[in-house]
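Enquirer: The following file, input.cif, comprises mmCIF, C-alpha atoms:
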```cif
data_target
loop_
_atom_site.group_PDB
_atom_site.id
_atom_site.type_symbol
_atom_site.label_atom_id
_atom_site.label_comp_id
_atom_site.auth_asym_id
_atom_site.auth_seq_id
_atom_site.Cartn_x
_atom_site.Cartn_y
_atom_site.Cartn_z
ATOM 1 C CA MET Y 1 93.310 66.528 123.465
ATOM 2 C CA ASN Y 2 90.715 67.677 125.950
ATOM 3 C CA SER Y 3 93.055 70.175 127.523
ATOM 4 C CA PRO Y 4 91.476 72.702 129.872
ATOM 5 C CA ARG Y 5 92.291 75.440 127.413
ATOM 6 C CA LEU Y 6 90.595 73.670 124.548
ATOM 7 C CA LEU Y 7 87.529 73.021 126.658
ATOM 8 C CA LEU Y 8 87.461 76.612 127.792
ATOM 9 C CA SER Y 9 87.797 77.880 124.249
ATOM 10 C CA LYS Y 10 84.952 75.644 123.116
ATOM 11 C CA LEU Y 11 82.866 77.001 125.949
ATOM 12 C CA ILE Y 12 83.640 80.596 125.059
ATOM 13 C CA PHE Y 13 82.937 79.959 121.407
ATOM 14 C CA SER Y 14 79.610 78.384 122.243
ATOM 15 C CA VAL Y 15 78.415 81.401 124.215
ATOM 16 C CA THR Y 16 79.885 84.180 122.111
ATOM 17 C CA PRO Y 17 79.012 84.973 118.508
ATOM 18 C CA PRO Y 18 81.191 83.346 115.859
ATOM 19 C CA CYS Y 19 83.893 85.240 113.964
ATOM 20 C CA GLU Y 20 81.591 86.413 111.203
ATOM 21 C CA ASP Y 21 79.379 88.232 113.679
ATOM 22 C CA ILE Y 22 82.353 89.427 115.666
ATOM 23 C CA THR Y 23 83.741 91.155 112.591
ATOM 24 C CA ARG Y 24 80.397 92.894 112.094
ATOM 25 C CA ILE Y 25 80.235 94.007 115.700
ATOM 26 C CA VAL Y 26 83.775 95.320 115.616
ATOM 27 C CA SER Y 27 83.185 97.145 112.360
ATOM 28 C CA ARG Y 28 79.985 98.730 113.592
ATOM 29 C CA SER Y 29 81.680 99.902 116.784
ATOM 30 C CA TYR Y 30 83.296 102.571 114.630
ATOM 31 C CA ASP Y 31 79.918 103.898 113.582
ATOM 32 C CA LYS Y 32 77.814 103.461 116.679
ATOM 33 C CA PRO Y 33 78.890 102.743 120.263
ATOM 34 C CA SER Y 34 78.789 99.043 121.113
ATOM 35 C CA SER Y 35 76.614 97.835 123.909
ATOM 36 C CA LEU Y 36 78.276 96.470 127.028
ATOM 37 C CA LYS Y 37 77.160 92.990 126.035
ATOM 38 C CA GLU Y 38 78.839 93.341 122.647
ATOM 39 C CA LYS Y 39 82.054 94.624 124.187
ATOM 40 C CA ILE Y 40 82.207 91.632 126.524
ATOM 41 C CA GLN Y 41 81.402 89.233 123.708
ATOM 42 C CA VAL Y 42 84.206 90.588 121.581
ATOM 43 C CA GLN Y 43 86.755 90.583 124.396
ATOM 44 C CA ALA Y 44 85.875 87.037 125.396
ATOM 45 C CA HIS Y 45 85.995 85.824 121.828
ATOM 46 C CA ILE Y 46 89.342 87.365 120.960
ATOM 47 C CA LEU Y 47 90.897 85.826 124.069
ATOM 48 C CA PHE Y 48 90.713 82.541 122.259
ATOM 49 C CA CYS Y 49 90.510 83.486 118.617
ATOM 50 C CA ARG Y 50 93.815 84.682 117.258
ATOM 51 C CA SER Y 51 92.302 85.526 113.893
ATOM 52 C CA CYS Y 52 89.735 87.882 115.332
ATOM 53 C CA HIS Y 53 92.296 89.304 117.689
ATOM 54 C CA ARG Y 54 94.379 90.220 114.676
ATOM 55 C CA PHE Y 55 91.310 91.519 112.887
ATOM 56 C CA VAL Y 56 90.519 93.909 115.718
ATOM 57 C CA HIS Y 57 94.026 95.357 115.701
ATOM 58 C CA GLN Y 58 94.214 95.520 111.928
ATOM 59 C CA LEU Y 59 90.954 97.419 111.700
ATOM 60 C CA GLU Y 60 92.126 99.803 114.388
ATOM 61 C CA TYR Y 61 95.279 100.427 112.424
ATOM 62 C CA LEU Y 62 93.427 100.885 109.160
ATOM 63 C CA GLN Y 63 90.998 103.374 110.640
ATOM 64 C CA THR Y 64 93.772 105.923 111.034
ATOM 65 C CA ILE Y 65 95.968 105.134 108.105
ATOM 66 C CA VAL Y 66 93.315 104.796 105.404
ATOM 67 C CA ALA Y 67 91.596 108.066 106.224
ATOM 68 C CA LYS Y 68 94.956 109.784 106.356
ATOM 69 C CA ILE Y 69 95.930 108.626 102.896
ATOM 70 C CA LEU Y 70 92.557 109.273 101.289
ATOM 71 C CA ARG Y 71 92.480 112.733 102.793
ATOM 72 C CA ASP Y 72 95.787 113.591 101.251
ATOM 73 C CA ASP Y 73 95.056 115.361 98.025
ATOM 74 C CA SER Y 74 98.668 115.636 97.074
ATOM 75 C CA PHE Y 75 98.613 111.962 96.169
ATOM 76 C CA PRO Y 76 101.051 111.801 93.272
ATOM 77 C CA GLY Y 77 99.232 109.073 91.360
ATOM 78 C CA ALA Y 78 95.991 110.989 91.108
ATOM 79 C CA LYS Y 79 95.954 111.958 87.464
ATOM 80 C CA ALA Y 80 92.896 114.122 87.866
ATOM 81 C CA GLU Y 81 93.546 117.386 86.158
ATOM 82 C CA LEU Y 82 91.407 119.478 83.899
ATOM 83 C CA ASN Y 83 92.923 119.963 80.506
ATOM 84 C CA LYS Y 84 93.443 123.455 79.182
ATOM 85 C CA GLU Y 85 90.465 123.317 76.861
ATOM 86 C CA THR Y 86 88.092 122.312 79.628
ATOM 87 C CA GLN Y 87 89.444 124.993 81.915
ATOM 88 C CA VAL Y 88 88.868 127.651 79.301
ATOM 89 C CA LYS Y 89 85.356 126.397 78.627
ATOM 90 C CA MET Y 90 84.524 126.287 82.330
ATOM 91 C CA GLN Y 91 85.788 129.772 82.971
ATOM 92 C CA SER Y 92 83.888 131.193 80.041
ATOM 93 C CA GLU Y 93 80.663 129.681 81.434
ATOM 94 C CA ILE Y 94 81.380 131.395 84.716
ATOM 95 C CA ASN Y 95 82.180 134.675 83.040
ATOM 96 C CA LYS Y 96 78.981 134.475 81.017
ATOM 97 C CA ALA Y 97 76.897 133.876 84.114
ATOM 98 C CA LEU Y 98 78.734 136.638 85.946
ATOM 99 C CA GLU Y 99 77.963 139.030 83.142
ATOM 100 C CA ASN Y 100 74.299 138.075 83.235
ATOM 101 C CA PHE Y 101 74.150 138.776 86.943
ATOM 102 C CA ASN Y 102 75.866 142.086 86.573
ATOM 103 C CA ASN Y 103 73.529 143.065 83.758
ATOM 104 C CA GLN Y 104 70.502 142.065 85.791
ATOM 105 C CA SER Y 105 71.566 143.942 88.858
ATOM 106 C CA SER Y 106 72.328 147.078 86.959
ATOM 107 C CA VAL Y 107 68.788 147.203 85.552
ATOM 108 C CA MET V 1 90.917 142.802 123.080
ATOM 109 C CA GLN V 2 92.293 144.265 119.897
ATOM 110 C CA PHE V 3 95.218 145.774 121.771
ATOM 111 C CA LEU V 4 95.958 142.498 123.539
ATOM 112 C CA ASP V 5 95.860 140.656 120.269
ATOM 113 C CA THR V 6 98.323 142.977 118.644
ATOM 114 C CA PHE V 7 100.567 143.003 121.709
ATOM 115 C CA LEU V 8 100.650 139.212 121.880
ATOM 116 C CA GLY V 9 101.129 139.100 118.165
ATOM 117 C CA THR V 10 104.405 140.944 118.386
ATOM 118 C CA ILE V 11 105.838 138.786 121.162
ATOM 119 C CA PHE V 12 104.471 135.498 119.879
ATOM 120 C CA PRO V 13 103.988 136.018 116.172
ATOM 121 C CA LYS V 14 102.252 132.677 115.583
ATOM 122 C CA MET V 15 99.859 133.057 118.440
ATOM 123 C CA THR V 16 97.003 135.328 117.517
ATOM 124 C CA THR V 17 93.835 134.613 119.396
ATOM 125 C CA ASN V 18 91.489 135.752 116.754
ATOM 126 C CA ASN V 19 92.268 135.197 113.119
ATOM 127 C CA ARG V 20 89.391 137.353 112.089
ATOM 128 C CA THR V 21 91.646 140.285 112.868
ATOM 129 C CA ASN V 22 93.858 139.128 110.031
ATOM 130 C CA PRO V 23 92.331 140.664 106.948
ATOM 131 C CA GLU V 24 94.217 138.384 104.545
ATOM 132 C CA LYS V 25 92.269 135.282 105.490
ATOM 133 C CA HIS V 26 88.975 134.197 104.056
ATOM 134 C CA GLN V 27 88.708 136.759 101.369
ATOM 135 C CA GLN V 28 86.699 136.389 98.273
ATOM 136 C CA THR V 29 88.409 136.265 94.949
ATOM 137 C CA SER V 30 87.004 137.284 91.646
ATOM 138 C CA PRO V 31 85.099 134.465 89.935
ATOM 139 C CA THR V 32 87.154 135.129 86.836
ATOM 140 C CA GLN V 33 89.989 133.409 88.681
ATOM 141 C CA TRP V 34 88.076 130.515 90.123
ATOM 142 C CA VAL V 35 88.924 127.875 87.553
ATOM 143 C CA GLU V 36 92.592 128.697 87.782
ATOM 144 C CA LEU V 37 92.597 128.746 91.569
ATOM 145 C CA TYR V 38 90.247 125.892 92.386
ATOM 146 C CA GLY V 39 89.439 123.986 89.200
ATOM 147 C CA ASN V 40 91.859 121.116 89.580
ATOM 148 C CA TYR V 41 91.374 120.708 93.278
ATOM 149 C CA LEU V 42 87.606 120.475 92.939
ATOM 150 C CA TYR V 43 87.929 118.190 89.957
ATOM 151 C CA LYS V 44 90.179 115.806 91.888
ATOM 152 C CA TYR V 45 87.738 115.825 94.760
ATOM 153 C CA ALA V 46 84.804 115.081 92.468
ATOM 154 C CA LYS V 47 86.673 112.479 90.419
ATOM 155 C CA MET V 48 87.594 110.620 93.590
ATOM 156 C CA ARG V 49 83.950 110.219 94.452
ATOM 157 C CA LEU V 50 82.184 110.095 91.122
ATOM 158 C CA ARG V 51 84.899 108.290 89.161
ATOM 159 C CA ASP V 52 83.368 109.256 85.849
ATOM 160 C CA ASP V 53 85.156 112.106 84.075
ATOM 161 C CA ALA V 54 82.080 113.755 82.641
ATOM 162 C CA LEU V 55 80.116 113.538 85.871
ATOM 163 C CA ALA V 56 83.011 115.012 87.802
ATOM 164 C CA GLN V 57 83.408 117.905 85.378
ATOM 165 C CA ASP V 58 79.683 118.592 85.439
ATOM 166 C CA ALA V 59 79.704 118.632 89.210
ATOM 167 C CA VAL V 60 82.547 121.140 89.256
ATOM 168 C CA GLN V 61 80.895 123.361 86.683
ATOM 169 C CA GLU V 62 77.607 123.266 88.596
ATOM 170 C CA THR V 63 79.495 124.123 91.745
ATOM 171 C CA PHE V 64 81.014 127.238 90.233
ATOM 172 C CA LEU V 65 77.682 128.389 88.854
ATOM 173 C CA SER V 66 75.873 127.804 92.133
ATOM 174 C CA ALA V 67 78.645 129.520 93.998
ATOM 175 C CA LEU V 68 78.254 132.517 91.753
ATOM 176 C CA LYS V 69 74.623 132.825 92.703
ATOM 177 C CA ALA V 70 75.339 132.346 96.368
ATOM 178 C CA ARG V 71 78.260 134.727 96.593
ATOM 179 C CA GLU V 72 76.383 137.107 98.829
ATOM 180 C CA SER V 73 76.029 134.376 101.423
ATOM 181 C CA PHE V 74 79.767 133.724 101.662
ATOM 182 C CA GLN V 75 80.605 135.132 105.052
ATOM 183 C CA GLY V 76 84.289 134.376 105.196
ATOM 184 C CA LYS V 77 83.844 132.026 108.135
ATOM 185 C CA SER V 78 85.743 129.395 106.242
ATOM 186 C CA SER V 79 88.116 129.774 103.352
ATOM 187 C CA GLU V 80 86.698 130.195 99.893
ATOM 188 C CA LYS V 81 88.038 126.779 98.946
ATOM 189 C CA THR V 82 86.239 125.120 101.857
ATOM 190 C CA TRP V 83 83.084 126.954 100.906
ATOM 191 C CA LEU V 84 83.296 125.704 97.328
ATOM 192 C CA VAL V 85 83.999 122.150 98.495
ATOM 193 C CA GLY V 86 80.876 122.359 100.622
ATOM 194 C CA ILE V 87 78.821 123.209 97.563
ATOM 195 C CA LEU V 88 80.543 120.484 95.568
ATOM 196 C CA LYS V 89 79.702 117.908 98.217
ATOM 197 C CA HIS V 90 76.030 118.654 97.750
ATOM 198 C CA LYS V 91 76.332 118.362 93.992
ATOM 199 C CA ILE V 92 78.001 114.983 94.382
ATOM 200 C CA ILE V 93 75.264 113.762 96.676
ATOM 201 C CA ASP V 94 72.654 115.007 94.224
ATOM 202 C CA THR V 95 74.343 113.043 91.468
ATOM 203 C CA PHE V 96 74.218 109.898 93.529
ATOM 204 C CA ARG V 97 70.605 110.438 94.435
ATOM 205 C CA LYS V 98 69.710 110.831 90.793
ATOM 206 C CA GLN V 99 71.557 107.711 89.753
ATOM 207 C CA SER V 100 69.408 104.698 89.231
ATOM 208 C CA ARG V 101 68.737 102.903 92.450
ATOM 209 C CA GLU V 102 68.296 99.825 90.319
ATOM 210 C CA ILE V 103 71.982 99.165 90.748
ATOM 211 C CA ASN V 104 71.739 96.306 93.174
ATOM 212 C CA GLU V 105 74.848 96.685 95.195
ATOM 213 C CA SER V 106 74.554 93.424 96.976
ATOM 214 C CA ALA V 107 74.841 91.739 93.609
ATOM 215 C CA VAL V 108 78.240 93.261 93.071
ATOM 216 C CA THR V 109 80.812 90.950 94.563
ATOM 217 C CA LEU V 110 84.038 92.549 95.520
ATOM 218 C CA PRO V 111 87.241 90.702 94.780
ATOM 219 C CA PHE V 112 88.003 90.532 98.474
ATOM 220 C CA GLU V 113 84.445 90.071 99.618
ATOM 221 C CA GLN V 114 83.339 88.806 102.949
ATOM 222 C CA GLU V 115 81.037 86.169 101.548
ATOM 223 C CA GLY V 116 82.734 82.812 101.565
ATOM 224 C CA LEU V 117 85.297 83.908 104.142
ATOM 225 C CA PHE V 118 83.554 82.094 106.967
ATOM 226 C CA ARG V 119 82.597 78.495 107.504
ATOM 227 C CA GLU V 120 79.152 77.383 106.477
ATOM 228 C CA ALA V 121 76.215 76.552 108.707
ATOM 229 C CA LYS V 122 76.666 72.770 108.689
ATOM 230 C CA ASP V 123 80.244 73.005 109.878
ATOM 231 C CA GLU V 124 81.169 72.327 113.492
ATOM 232 C CA TRP V 125 82.837 75.722 113.525
ATOM 233 C CA ALA V 126 80.146 77.500 111.577
ATOM 234 C CA GLY V 127 80.716 81.215 111.308
ATOM 235 C CA HIS V 128 84.414 81.002 112.083
ATOM 236 C CA TRP V 129 87.116 82.065 109.665
ATOM 237 C CA LYS V 130 87.897 79.597 106.941
ATOM 238 C CA GLN V 131 91.483 78.476 107.179
ATOM 239 C CA GLU V 132 92.593 80.168 103.966
ATOM 240 C CA TYR V 133 91.067 83.534 104.886
ATOM 241 C CA LYS V 134 92.227 83.812 108.455
ATOM 242 C CA PRO V 135 93.834 87.188 109.087
ATOM 243 C CA PHE V 136 97.526 86.670 109.477
ATOM 244 C CA ASP V 137 100.217 88.510 111.319
ATOM 245 C CA TRP V 138 101.010 91.767 109.578
ATOM 246 C CA GLY V 139 104.202 92.273 111.527
ATOM 247 C CA GLU V 140 105.291 95.893 111.639
ATOM 248 C CA THR V 141 102.403 98.313 111.147
ATOM 249 C CA PRO V 142 103.878 101.754 111.509
ATOM 250 C CA PHE V 143 101.858 104.866 110.840
ATOM 251 C CA SER V 144 104.687 106.034 108.654
ATOM 252 C CA LEU V 145 103.387 103.673 105.980
ATOM 253 C CA ALA V 146 100.874 106.371 105.184
ATOM 254 C CA GLU V 147 103.716 108.450 103.795
ATOM 255 C CA ARG V 148 105.060 105.851 101.423
ATOM 256 C CA ASN V 149 104.040 106.337 97.809
ATOM 257 C CA ASP V 150 104.048 102.623 97.062
ATOM 258 C CA PHE V 151 101.708 101.896 99.940
ATOM 259 C CA GLN V 152 99.454 104.768 98.926
ATOM 260 C CA ARG V 153 99.264 103.369 95.425
ATOM 261 C CA VAL V 154 98.189 99.959 96.694
ATOM 262 C CA LEU V 155 95.585 101.494 98.953
ATOM 263 C CA HIS V 156 94.196 103.665 96.193
ATOM 264 C CA SER V 157 93.989 100.714 93.868
ATOM 265 C CA CYS V 158 92.178 98.694 96.548
ATOM 266 C CA PHE V 159 89.856 101.593 97.128
ATOM 267 C CA GLU V 160 89.017 101.909 93.454
ATOM 268 C CA LYS V 161 87.601 98.388 93.501
ATOM 269 C CA LEU V 162 84.799 99.410 95.813
ATOM 270 C CA PRO V 163 81.438 100.063 94.167
ATOM 271 C CA GLU V 164 80.856 103.812 93.875
ATOM 272 C CA ARG V 165 78.175 104.161 96.482
ATOM 273 C CA VAL V 166 80.119 102.080 98.975
ATOM 274 C CA ALA V 167 83.212 104.156 98.265
ATOM 275 C CA LEU V 168 81.298 107.396 98.597
ATOM 276 C CA VAL V 169 79.724 106.353 101.865
ATOM 277 C CA PHE V 170 83.097 105.291 103.195
ATOM 278 C CA GLN V 171 84.645 108.609 102.248
ATOM 279 C CA MET V 172 81.820 110.611 103.725
ATOM 280 C CA LYS V 173 82.217 108.762 106.989
ATOM 281 C CA GLU V 174 85.963 108.327 107.306
ATOM 282 C CA VAL V 175 87.396 111.206 105.308
ATOM 283 C CA ASP V 176 84.745 113.895 105.594
ATOM 284 C CA ASP V 177 83.809 112.858 109.142
ATOM 285 C CA GLU V 178 80.106 113.079 108.516
ATOM 286 C CA GLU V 179 77.727 111.645 111.065
ATOM 287 C CA CYS V 180 75.870 108.472 110.184
ATOM 288 C CA SER V 181 72.532 110.217 110.427
ATOM 289 C CA GLN V 182 73.694 112.908 108.011
ATOM 290 C CA ILE V 183 74.921 110.379 105.480
ATOM 291 C CA CYS V 184 71.692 108.430 105.730
ATOM 292 C CA LYS V 185 69.644 111.556 105.252
ATOM 293 C CA ALA V 186 71.714 112.763 102.312
ATOM 294 C CA LEU V 187 71.619 109.485 100.433
ATOM 295 C CA ASP V 188 68.222 108.364 101.629
ATOM 296 C CA ILE V 189 69.387 105.068 103.082
ATOM 297 C CA SER V 190 68.719 103.401 106.387
ATOM 298 C CA GLU V 191 71.293 103.204 109.146
ATOM 299 C CA SER V 192 71.589 99.454 108.881
ATOM 300 C CA ASN V 193 72.080 99.829 105.144
ATOM 301 C CA LEU V 194 74.896 102.245 105.880
ATOM 302 C CA TRP V 195 76.569 99.945 108.396
ATOM 303 C CA VAL V 196 76.486 97.069 105.960
ATOM 304 C CA MET V 197 78.163 99.191 103.296
ATOM 305 C CA LEU V 198 80.822 100.442 105.688
ATOM 306 C CA HIS V 199 81.450 96.906 106.913
ATOM 307 C CA ARG V 200 81.866 95.660 103.359
ATOM 308 C CA ALA V 201 84.280 98.460 102.616
ATOM 309 C CA ARG V 202 86.379 97.711 105.674
ATOM 310 C CA MET V 203 86.430 93.961 105.090
ATOM 311 C CA HIS V 204 87.440 94.500 101.500
ATOM 312 C CA LEU V 205 90.151 97.056 102.238
ATOM 313 C CA ARG V 206 91.596 94.977 105.045
ATOM 314 C CA ARG V 207 91.799 91.852 102.957
ATOM 315 C CA CYS V 208 92.998 93.686 99.869
ATOM 316 C CA LEU V 209 95.853 95.311 101.752
ATOM 317 C CA GLU V 210 96.625 92.046 103.484
ATOM 318 C CA VAL V 211 97.017 90.213 100.213
ATOM 319 C CA ARG V 212 98.668 92.952 98.213
ATOM 320 C CA TRP V 213 100.944 94.469 100.781
ATOM 321 C CA PHE V 214 101.341 92.742 104.103
ATOM 322 C CA SER V 215 101.593 89.171 102.859
ATOM 323 C CA VAL V 216 104.199 90.147 100.281
ATOM 324 C CA LYS V 217 106.288 92.121 102.740
ATOM 325 C CA SER V 218 106.368 89.569 105.534
ATOM 326 C CA SER V 219 107.385 86.766 103.222
ATOM 327 C CA GLY V 220 110.615 88.684 102.636
#
```
Could you render the structure as structure tokens?
Expert:
Amino acid sequence: MNSPRLLLSKLIFSVTPPCEDITRIVSRSYDKPSSLKEKIQVQAHILFCRSCHRFVHQLEYLQTIVAKILRDDSFPGAKAELNKETQVKMQSEINKALENFNNQSSV
Amino acid sequence: MQFLDTFLGTIFPKMTTNNRTNPEKHQQTSPTQWVELYGNYLYKYAKMRLRDDALAQDAVQETFLSALKARESFQGKSSEKTWLVGILKHKIIDTFRKQSREINESAVTLPFEQEGLFREAKDEWAGHWKQEYKPFDWGETPFSLAERNDFQRVLHSCFEKLPERVALVFQMKEVDDEECSQICKALDISESNLWVMLHRARMHLRRCLEVRWFSVKSSG
């Protein structure tokens, strides 16, 4: 069972951060540039860790697709709409304020 | 330059170098039309971030009233809608700042939370993925998924599970493209605080989508 690959993977895992930290490093790389050390750590780790390798690609994929969907305000499920009553009330508040301004400026 | 613009405009109608020569863009409308023109859009925007109906409506109303006062300052550099959204963004941030900071976010456990996903300290493989939470193969991940209504619904439902502040921070960063420093300043949080929240959001969304979409589809 002590295949070279297994030994090598154990070596890599002993000198690179474990998966939990790798996920944090990868996530933060989207907010702040990773250091060279971090980049190497991640690359070395994902050479032997299929889970983290998948994680890296999944996050990459999600970065584009999630923002795209959330940005889309034509989302059909979004039930957010002001009812007629609220609209009328809102507009009348605006009109009132507008009138006040106009009255003030004409003084 | 004006002549060149017009000349090019006739040969290549879509290619005008300066859209400020087009008088139709970026005009102001009468505030008496604002609710009709922008009410629902602003409300949707606010509801997405504030979740609460009343808070969202208040934010929109405040936006209109502030906009009224600031009308002189509208220079037409952006569209009126963009200008209003800008004001609304500030109102939303103000609402969050006012909200009790006593809400201890770290106490809120998300359904697909990162705690418990990794092996404990005593384990030989401490810090590595637990077997049952290992990311699996998602198979096909086309960008066209973004266009599917059913996928959008799942994503939105996953997104709704995020605590409000985490969701807001995520939106400010990923949707509104704000810089980290700006978000930190606006919400009065530290950078590391911000990174933790964004990390939680990403871990949650990834796992949520994995369980509710990608695992179901690949077991077809």
Enquirer: Which polymer residues have any atom within 10 Å of an atom of Gln182 (chain V), counting only C-alpha atoms, with same-chain residues fewer than 4 positions away left out, as a list in words?
Expert: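 Here the answer would be Met172, Lys173, Glu178, Ala186, Leu187 and Asp188 of chain V.
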Enquirer: Tell me which protein, DNA and RNA residues are within 8 Å of Ser27 (chain Y), counting only C-alpha atoms, leaving out same-chain ones fewer than 6 positions away, and put them as a PyMOL selection string.
Expert: (chain Y and resi 59) or (chain V and resi 198-199+202)
Enquirer: Do you know which residues the PyMOL selection byres ((chain Y) within 8 of (chain V)) returns on this file, as a PyMOL selection string?
Expert: chain Y and resi 18-21+24+27-28+31+51-52+54-55+58-59+61-63+65-71+73+75-78+80-82+87+90-91+94-95+97-98
Enquirer: Looking at all atoms listed in the file, which of Y:Ser9, Y:Ser92, Y:Thr64, Y:Thr86 is the one that sits closest to Arg50 (chain Y)?
Expert: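 Under the stated criterion, the closest residue is Y:Ser9.
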Enquirer: Check what the PyMOL selection byres ((chain Y and resi 43) around 12) selects in the file above and give those residues as number ranges by chain.
Expert: Y: 12-13, 16-17, 22, 25-26, 36-42, 44-50, 52-53, 56
Enquirer: Just the selected residues (C-alpha atoms), exported as a PDB file, in the coordinates of the input, please.
Expert:
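Below is the file that was written, out_25.pdb:
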```pdb
ATOM      1  CA  ILE Y  12      83.640  80.596 125.059  1.00  0.00           C
ATOM      2  CA  PHE Y  13      82.937  79.959 121.407  1.00  0.00           C
ATOM      3  CA  THR Y  16      79.885  84.180 122.111  1.00  0.00           C
ATOM      4  CA  PRO Y  17      79.012  84.973 118.508  1.00  0.00           C
ATOM      5  CA  ILE Y  22      82.353  89.427 115.666  1.00  0.00           C
ATOM      6  CA  ILE Y  25      80.235  94.007 115.700  1.00  0.00           C
ATOM      7  CA  VAL Y  26      83.775  95.320 115.616  1.00  0.00           C
ATOM      8  CA  LEU Y  36      78.276  96.470 127.028  1.00  0.00           C
ATOM      9  CA  LYS Y  37      77.160  92.990 126.035  1.00  0.00           C
ATOM     10  CA  GLU Y  38      78.839  93.341 122.647  1.00  0.00           C
ATOM     11  CA  LYS Y  39      82.054  94.624 124.187  1.00  0.00           C
ATOM     12  CA  ILE Y  40      82.207  91.632 126.524  1.00  0.00           C
ATOM     13  CA  GLN Y  41      81.402  89.233 123.708  1.00  0.00           C
ATOM     14  CA  VAL Y  42      84.206  90.588 121.581  1.00  0.00           C
ATOM     15  CA  ALA Y  44      85.875  87.037 125.396  1.00  0.00           C
ATOM     16  CA  HIS Y  45      85.995  85.824 121.828  1.00  0.00           C
ATOM     17  CA  ILE Y  46      89.342  87.365 120.960  1.00  0.00           C
ATOM     18  CA  LEU Y  47      90.897  85.826 124.069  1.00  0.00           C
ATOM     19  CA  PHE Y  48      90.713  82.541 122.259  1.00  0.00           C
ATOM     20  CA  CYS Y  49      90.510  83.486 118.617  1.00  0.00           C
ATOM     21  CA  ARG Y  50      93.815  84.682 117.258  1.00  0.00           C
ATOM     22  CA  CYS Y  52      89.735  87.882 115.332  1.00  0.00           C
ATOM     23  CA  HIS Y  53      92.296  89.304 117.689  1.00  0.00           C
ATOM     24  CA  VAL Y  56      90.519  93.909 115.718  1.00  0.00           C
TER      25      VAL Y  56
END
```
Enquirer: Rounded to one decimal place, report the CA of Thr95 (chain V)-CA of Arg165 (chain V) distance in Å.
Expert: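 Spanning CA of Thr95 (chain V) to CA of Arg165 (chain V) is a straight-line distance of 10.9 Å.
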Enquirer: Can you measure CA of Gln99 (chain V) to CA of Cys184 (chain V) for me? One decimal in Å is fine.
Expert: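 Computing it gives 16.0 Å between the two atoms.
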Enquirer: Interatomic distance between CA of Tyr38 (chain V) and CA of Lys84 (chain Y)?
Expert: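 These two atoms are separated by 13.8 Å.
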Enquirer: Check the smallest atom-to-atom distance from each of V:Leu37, V:Ile183, V:Ala54, V:Val154 to Leu84 (chain V) using only C-alpha atoms, then report the winner.
Expert: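 Counting only C-alpha atoms, the residue closest to Leu84 (chain V) is V:Leu37.
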